[in-house]
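Student: data-v9.cif is reproduced below (mmCIF, C-alpha atoms).
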data_run
loop_
_atom_site.group_PDB
_atom_site.id
_atom_site.type_symbol
_atom_site.label_atom_id
_atom_site.label_comp_id
_atom_site.auth_asym_id
_atom_site.auth_seq_id
_atom_site.Cartn_x
_atom_site.Cartn_y
_atom_site.Cartn_z
ATOM 1 C CA MET A 1 22.304 32.550 262.472
ATOM 2 C CA HIS A 2 24.180 30.376 264.943
ATOM 3 C CA SER A 3 24.627 32.009 268.339
ATOM 4 C CA LYS A 4 28.426 31.570 268.290
ATOM 5 C CA ILE A 5 28.622 33.357 264.928
ATOM 6 C CA ALA A 6 26.336 36.113 266.201
ATOM 7 C CA LEU A 7 28.582 36.556 269.249
ATOM 8 C CA LEU A 8 31.706 36.725 267.086
ATOM 9 C CA LEU A 9 30.076 39.292 264.798
ATOM 10 C CA ALA A 10 29.098 41.391 267.825
ATOM 11 C CA GLU A 11 32.705 41.217 269.067
ATOM 12 C CA ILE A 12 33.968 42.293 265.647
ATOM 13 C CA ARG A 13 31.604 45.292 265.669
ATOM 14 C CA GLU A 14 32.806 46.202 269.171
ATOM 15 C CA LEU A 15 36.422 45.981 268.010
ATOM 16 C CA GLU A 16 35.633 48.146 264.981
ATOM 17 C CA ASP A 17 34.056 50.734 267.308
ATOM 18 C CA GLU A 18 37.110 50.581 269.571
ATOM 19 C CA LEU A 19 39.381 51.009 266.555
ATOM 20 C CA GLU A 20 37.395 54.085 265.473
ATOM 21 C CA ARG A 21 37.757 55.527 268.990
ATOM 22 C CA GLU A 22 41.530 55.002 268.742
ATOM 23 C CA PHE A 23 41.577 56.729 265.353
ATOM 24 C CA ALA A 24 39.690 59.648 266.918
ATOM 25 C CA ALA A 25 42.165 59.806 269.818
ATOM 26 C CA ARG A 26 45.055 59.809 267.346
ATOM 27 C CA ARG A 27 43.399 62.621 265.362
ATOM 28 C CA ALA A 28 43.170 64.624 268.580
ATOM 29 C CA GLN A 29 46.880 64.014 269.229
ATOM 30 C CA LEU A 30 47.683 65.266 265.742
ATOM 31 C CA ARG A 31 45.705 68.416 266.576
ATOM 32 C CA PHE A 32 43.173 68.572 263.814
ATOM 33 C CA GLY A 33 39.452 68.309 263.642
ATOM 34 C CA ILE A 34 36.579 68.447 261.213
ATOM 35 C CA GLU A 35 34.611 71.686 261.208
ATOM 36 C CA ALA A 36 31.556 72.015 258.951
ATOM 37 C CA GLY A 37 32.758 68.982 256.978
ATOM 38 C CA ARG A 38 36.210 70.475 256.395
ATOM 39 C CA VAL A 39 39.531 69.461 257.924
ATOM 40 C CA ALA A 40 40.995 72.138 260.202
ATOM 41 C CA PHE A 41 44.523 72.088 261.624
ATOM 42 C CA GLU A 42 45.844 74.305 264.375
ATOM 43 C CA GLN A 43 47.724 77.245 262.844
ATOM 44 C CA GLU A 44 51.071 76.300 264.406
ATOM 45 C CA LEU A 45 50.805 72.798 262.991
ATOM 46 C CA LEU A 46 49.801 74.114 259.565
ATOM 47 C CA VAL A 47 52.965 76.255 259.462
ATOM 48 C CA ARG A 48 55.097 73.217 260.374
ATOM 49 C CA HIS A 49 53.383 71.143 257.673
ATOM 50 C CA ARG A 50 54.078 73.771 255.012
ATOM 51 C CA ALA A 51 57.745 73.833 256.039
ATOM 52 C CA MET A 52 57.941 70.047 255.612
ATOM 53 C CA GLN A 53 56.564 70.028 252.078
ATOM 54 C CA VAL A 54 58.996 68.719 249.442
ATOM 55 C CA ARG A 55 58.827 71.249 246.620
ATOM 56 C CA LEU A 56 57.558 69.906 243.325
ATOM 57 C CA HIS A 57 60.812 70.326 241.384
ATOM 58 C CA SER A 58 62.794 68.535 244.132
ATOM 59 C CA TYR A 59 60.179 65.798 244.325
ATOM 60 C CA VAL A 60 60.314 65.163 240.567
ATOM 61 C CA ALA A 61 64.105 65.447 240.376
ATOM 62 C CA GLY A 62 64.568 62.979 243.235
ATOM 63 C CA ALA A 63 62.004 60.473 242.014
ATOM 64 C CA ASN A 64 62.887 56.888 241.286
ATOM 65 C CA PRO A 65 63.160 56.459 237.480
ATOM 66 C CA LEU A 66 60.759 53.506 237.719
ATOM 67 C CA SER A 67 58.087 55.956 238.882
ATOM 68 C CA ALA A 68 58.334 57.844 235.597
ATOM 69 C CA ILE A 69 58.307 54.619 233.595
ATOM 70 C CA THR A 70 55.297 53.108 235.372
ATOM 71 C CA ALA A 71 53.271 56.336 235.723
ATOM 72 C CA PRO A 72 51.562 55.939 232.312
ATOM 73 C CA VAL A 73 50.493 52.403 233.243
ATOM 74 C CA ILE A 74 49.176 53.532 236.624
ATOM 75 C CA TYR A 75 47.362 56.585 235.299
ATOM 76 C CA GLY A 76 46.210 54.661 232.233
ATOM 77 C CA MET A 77 43.859 52.812 234.572
ATOM 78 C CA ILE A 78 41.736 55.971 234.904
ATOM 79 C CA LEU A 79 39.680 55.092 231.807
ATOM 80 C CA PRO A 80 38.711 51.603 233.013
ATOM 81 C CA LEU A 81 38.004 53.062 236.459
ATOM 82 C CA LEU A 82 35.720 55.744 235.011
ATOM 83 C CA LEU A 83 33.919 53.142 232.878
ATOM 84 C CA LEU A 84 33.491 50.885 235.914
ATOM 85 C CA ASP A 85 32.148 53.824 237.922
ATOM 86 C CA LEU A 86 29.649 54.696 235.200
ATOM 87 C CA ALA A 87 28.582 51.077 234.651
ATOM 88 C CA VAL A 88 28.021 50.368 238.347
ATOM 89 C CA ASN A 89 26.066 53.585 238.814
ATOM 90 C CA VAL A 90 23.800 52.726 235.849
ATOM 91 C CA TYR A 91 23.464 49.133 237.096
ATOM 92 C CA GLN A 92 22.482 50.301 240.560
ATOM 93 C CA ALA A 93 20.091 52.980 239.264
ATOM 94 C CA VAL A 94 18.242 50.467 237.099
ATOM 95 C CA CYS A 95 18.452 47.150 238.937
ATOM 96 C CA PHE A 96 18.343 48.277 242.556
ATOM 97 C CA ARG A 97 15.285 50.395 241.836
ATOM 98 C CA ALA A 98 13.624 47.494 240.013
ATOM 99 C CA TYR A 99 14.154 45.101 242.922
ATOM 100 C CA GLY A 100 13.634 47.580 245.751
ATOM 101 C CA ILE A 101 17.219 47.299 247.003
ATOM 102 C CA ALA A 102 18.441 50.364 248.894
ATOM 103 C CA ARG A 103 21.047 52.151 246.783
ATOM 104 C CA VAL A 104 24.623 52.457 247.959
ATOM 105 C CA ARG A 105 25.677 56.039 248.646
ATOM 106 C CA ARG A 106 28.742 56.566 246.464
ATOM 107 C CA ARG A 107 29.812 59.635 248.453
ATOM 108 C CA ASP A 108 30.305 57.439 251.542
ATOM 109 C CA TYR A 109 33.101 55.616 249.721
ATOM 110 C CA LEU A 110 34.806 58.360 247.696
ATOM 111 C CA VAL A 111 36.599 60.657 250.124
ATOM 112 C CA PHE A 112 39.020 63.317 248.897
ATOM 113 C CA ASP A 113 40.341 65.015 252.026
ATOM 114 C CA ARG A 114 44.097 64.584 251.585
ATOM 115 C CA ARG A 115 44.215 67.763 249.510
ATOM 116 C CA HIS A 116 44.056 69.674 252.811
ATOM 117 C CA LEU A 117 47.469 68.341 253.871
ATOM 118 C CA ALA A 118 49.922 71.222 253.564
ATOM 119 C CA TYR A 119 52.939 68.896 253.618
ATOM 120 C CA LEU A 120 51.958 67.400 250.247
ATOM 121 C CA ASN A 121 52.970 69.103 247.008
ATOM 122 C CA ALA A 122 50.656 69.301 243.984
ATOM 123 C CA LEU A 123 51.823 66.008 242.447
ATOM 124 C CA GLU A 124 51.518 64.156 245.755
ATOM 125 C CA LYS A 125 47.990 65.556 246.142
ATOM 126 C CA LEU A 126 47.124 64.380 242.625
ATOM 127 C CA ASN A 127 48.505 60.920 243.421
ATOM 128 C CA CYS A 128 46.502 60.820 246.660
ATOM 129 C CA ALA A 129 43.324 61.875 244.857
ATOM 130 C CA TYR A 130 43.866 59.132 242.277
ATOM 131 C CA CYS A 131 44.391 56.462 244.941
ATOM 132 C CA SER A 132 41.418 57.743 246.955
ATOM 133 C CA TYR A 133 39.263 57.480 243.849
ATOM 134 C CA ALA A 134 40.441 53.976 242.902
ATOM 135 C CA VAL A 135 40.263 52.462 246.392
ATOM 136 C CA GLY A 136 36.979 54.221 247.205
ATOM 137 C CA LEU A 137 35.493 53.103 243.902
ATOM 138 C CA PHE A 138 36.477 49.489 244.580
ATOM 139 C CA ALA A 139 34.872 49.661 248.034
ATOM 140 C CA PHE A 140 31.718 51.172 246.502
ATOM 141 C CA VAL A 141 31.607 48.482 243.800
ATOM 142 C CA THR A 142 32.145 45.799 246.454
ATOM 143 C CA GLU A 143 29.146 47.053 248.434
ATOM 144 C CA VAL A 144 26.965 47.155 245.308
ATOM 145 C CA GLY A 145 28.077 43.595 244.525
ATOM 146 C CA ALA A 146 27.501 42.508 248.125
ATOM 147 C CA ARG A 147 23.919 43.785 248.086
ATOM 148 C CA THR A 148 23.355 42.061 244.758
ATOM 149 C CA GLU A 149 24.733 38.811 246.160
ATOM 150 C CA GLN A 150 22.571 39.145 249.268
ATOM 151 C CA TYR A 151 19.493 39.606 247.086
ATOM 152 C CA TRP A 152 20.122 36.669 244.750
ATOM 153 C CA CYS A 153 22.444 34.228 246.497
ATOM 154 C CA PRO A 154 23.110 34.817 250.215
ATOM 155 C CA ILE A 155 25.004 31.540 250.620
ATOM 156 C CA LYS A 156 28.520 31.161 252.000
ATOM 157 C CA HIS A 157 31.087 29.374 249.837
ATOM 158 C CA ALA A 158 32.352 25.892 250.684
ATOM 159 C CA ARG A 159 35.936 27.187 250.713
ATOM 160 C CA ARG A 160 37.316 30.154 252.613
ATOM 161 C CA VAL A 161 37.330 33.285 250.457
ATOM 162 C CA ALA A 162 39.783 36.103 251.142
ATOM 163 C CA GLY A 163 38.485 39.632 251.571
ATOM 164 C CA MET A 164 34.787 38.954 251.846
ATOM 165 C CA HIS A 165 32.358 41.840 252.235
ATOM 166 C CA ALA A 166 30.547 42.812 255.434
ATOM 167 C CA HIS A 167 27.290 41.023 254.510
ATOM 168 C CA TYR A 168 28.945 37.657 253.936
ATOM 169 C CA ALA A 169 29.173 36.484 257.565
ATOM 170 C CA GLY A 170 25.377 36.630 257.847
ATOM 171 C CA PHE A 171 24.727 34.494 254.773
ATOM 172 C CA VAL A 172 23.381 30.953 255.161
ATOM 173 C CA ASP A 173 25.846 28.118 255.381
ATOM 174 C CA TYR A 174 26.884 26.254 252.257
ATOM 175 C CA GLY A 175 24.669 23.215 251.872
ATOM 176 C CA ASP A 176 21.909 24.421 254.246
ATOM 177 C CA ALA A 177 19.026 24.244 251.759
ATOM 178 C CA GLU A 178 16.368 24.674 254.450
ATOM 179 C CA ALA A 179 17.870 27.925 255.740
ATOM 180 C CA PHE A 180 18.260 29.266 252.190
ATOM 181 C CA GLN A 181 14.609 28.588 251.327
ATOM 182 C CA ARG A 182 13.374 29.809 254.700
ATOM 183 C CA ASP A 183 15.482 33.007 254.937
ATOM 184 C CA ARG A 184 15.705 34.204 251.318
ATOM 185 C CA GLU A 185 12.912 36.781 251.654
ATOM 186 C CA GLU A 186 14.300 38.010 254.982
ATOM 187 C CA PHE A 187 17.635 38.770 253.278
ATOM 188 C CA ARG A 188 15.769 40.732 250.604
ATOM 189 C CA ARG A 189 13.636 42.596 253.162
ATOM 190 C CA ARG A 190 16.775 43.768 254.979
ATOM 191 C CA LEU A 191 18.123 45.214 251.726
ATOM 192 C CA ARG A 192 14.961 47.270 251.261
ATOM 193 C CA GLU A 193 15.396 48.718 254.767
ATOM 194 C CA ALA A 194 19.046 49.739 254.330
ATOM 195 C CA PRO A 195 19.700 53.505 254.195
ATOM 196 C CA ARG A 196 18.915 54.916 250.749
ATOM 197 C CA ALA A 197 21.257 57.026 248.646
#
Could you show the structure in this file as structure tokens?
Tutor:
Amino acid sequence: MHSKIALLLAEIRELEDELEREFAARRAQLRFGIEAGRVAFEQELLVRHRAMQVRLHSYVAGANPLSAITAPVIYGMILPLLLLDLAVNVYQAVCFRAYGIARVRRRDYLVFDRRHLAYLNALEKLNCAYCSYAVGLFAFVTEVGARTEQYWCPIKHARRVAGMHAHYAGFVDYGDAEAFQRDREEFRRRLREAPRA
């Protein structure tokens, strides 16, 4: 990898670490923590959150009519999402094992902690769980796809591609046949050494 690219990637990782530190500082300001894997709020804050909850009947009565009209379309996506989840899990179980690629840990991507927020009513919690599932599933699928791409074709595109995965920056440059032939097995070796599910 070119030294300038390596430096930029190192800076990005440093910025991501700094961003995580800021998130942690903000969590401390909001007076909650994670104890034994569970979110814990200070009691005083929990009481304030409960007082701020919009009751379910008020929430439904005050909803935008478009929400009721589009809800079946939004929630109708659950079947394709479940099928995608199943298909990617089967794909990973079969193909990643066959090629020695470290499996992606699904639980790292599907996080359902918003149910602990006392200021959300039951419908808001359901909506949050649905969004958490969909967005987490897409991130999981992206990582499975990224590892597949790294195994078979770790080559950058000629054009800029929006929203590329974390592995992409380390791929060989488009048109660099020597690097592709030389580094192909190294890309595969790194996938075998990734943390296993």
Student: Neighbouring residues of Trp152 (chain A) were defined as those with any atom within 12 Å, considering only C-alpha atoms; residues of the same chain fewer than 2 positions away were excluded. Please report them as a PyMOL selection string.
Tutor: chain A and resi 96+99+101+145-150+154-155+171+180-181+183-188+191
Student: Using only C-alpha atoms, find the one residue out of A:Leu45, A:Glu18, A:Gly76, A:Leu137 that sits nearest to Leu30 (chain A).
Tutor: A:Leu45
Student: Using all atoms listed in the file, collect all residues at a distance of at most 8 Å from (30.4, 55.9, 248.2) as written in the file, then present them as a tab-separated table (two decimals) with C-alpha atoms, in the coordinates of the input.
Tutor:
chain	number	residue	atom	x	y	z
A	104	VAL	CA	24.62	52.46	247.96
A	105	ARG	CA	25.68	56.04	248.65
A	106	ARG	CA	28.74	56.57	246.46
A	107	ARG	CA	29.81	59.64	248.45
A	108	ASP	CA	30.30	57.44	251.54
A	109	TYR	CA	33.10	55.62	249.72
A	110	LEU	CA	34.81	58.36	247.70
A	136	GLY	CA	36.98	54.22	247.20
A	137	LEU	CA	35.49	53.10	243.90
A	139	ALA	CA	34.87	49.66	248.03
A	140	PHE	CA	31.72	51.17	246.50
Student: Given the choices A:His165, A:His57, A:Arg31, A:Arg190, which gets closest to Ala122 (chain A) if the distance is worked out from only C-alpha atoms?
Tutor: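 Between A:His165, A:His57, A:Arg31, A:Arg190, the residue approaching Ala122 (chain A) most closely is A:His57.
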Student: Which residues, written as a PyMOL selection string, have at least one atom at most 12 Å from Ala71 (chain A), with only C-alpha atoms counted and residues fewer than 6 positions away on the same chain left out?
Tutor: chain A and resi 63-65+77-78+123+127+130
Student: For a test of reading the model, state the distance in Å between CA of Gln53 (chain A) and CA of Tyr119 (chain A), rounded to one decimal.
Tutor: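 Rounded to one decimal, the two atoms are 4.1 Å apart.
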Student: For CA of Leu81 (chain A) and CA of Leu126 (chain A), quote the distance in Å rounded to one decimal.
Tutor: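 Calculated distance between CA of Leu81 (chain A) and CA of Leu126 (chain A) is 15.8 Å.
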Student: How many Å separate CA of His2 (chain A) from CA of Val172 (chain A)?
Tutor: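 CA of His2 (chain A) sits 9.8 Å away from CA of Val172 (chain A).
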Student: Restricting the calculation to all atoms listed in the file, which member of A:Arg103, A:Arg27, A:Arg97, A:His116 is positioned closest to Glu143 (chain A)?
Tutor: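 Ranking A:Arg103, A:Arg27, A:Arg97, A:His116 by distance to Glu143 (chain A), first place goes to A:Arg103.
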Student: Counting only C-alpha atoms, which of A:Gly170, A:Gly175, A:Cys95, A:Glu20 gets nearest to Lys4 (chain A)?
Tutor: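 Of A:Gly170, A:Gly175, A:Cys95, A:Glu20, the one nearest Lys4 (chain A) is A:Gly170, counting only C-alpha atoms.
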Student: Using all atoms listed in the file, which of A:Ala179, A:Ala166, A:Met52, A:Val73 sits nearest Ile12 (chain A)?
Tutor: A:Ala166
Student: Between A:Glu22, A:Asp113, A:Gly100, A:Leu79, which one has atoms that come closest to Ile34 (chain A), using all atoms listed in the file?
Tutor: A:Asp113
Student: Translate the PyMOL selection byres ((chain A and resi 42) around 10), as applied to the file shown, into an explicit residue set as a ChimeraX atom specification.
Tutor: /A:30-33,40-41,43-47
Student: Those residues you just picked out, can you put them in a file as a PDB file, in the frame of the given file with C-alpha atoms?
Tutor:
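Generated output (result-v3.pdb):
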ATOM      1  CA  LEU A  30      47.683  65.266 265.742  1.00  0.00           C
ATOM      2  CA  ARG A  31      45.705  68.416 266.576  1.00  0.00           C
ATOM      3  CA  PHE A  32      43.173  68.572 263.814  1.00  0.00           C
ATOM      4  CA  GLY A  33      39.452  68.309 263.642  1.00  0.00           C
ATOM      5  CA  ALA A  40      40.995  72.138 260.202  1.00  0.00           C
ATOM      6  CA  PHE A  41      44.523  72.088 261.624  1.00  0.00           C
ATOM      7  CA  GLN A  43      47.724  77.245 262.844  1.00  0.00           C
ATOM      8  CA  GLU A  44      51.071  76.300 264.406  1.00  0.00           C
ATOM      9  CA  LEU A  45      50.805  72.798 262.991  1.00  0.00           C
ATOM     10  CA  LEU A  46      49.801  74.114 259.565  1.00  0.00           C
ATOM     11  CA  VAL A  47      52.965  76.255 259.462  1.00  0.00           C
TER      12      VAL A  47
END
Student: Please enclose the listed atoms of region 55-64 of chain A in an axis-aligned box, pad each side by 3 Å, and write out the centre and the three edge lengths in Å, rounded to one decimal, as AutoDock Vina command-line options.
Tutor:
--center_x 61.1 --center_y 64.1 --center_z 243.5 --size_x 13.0 --size_y 20.4 --size_z 12.2
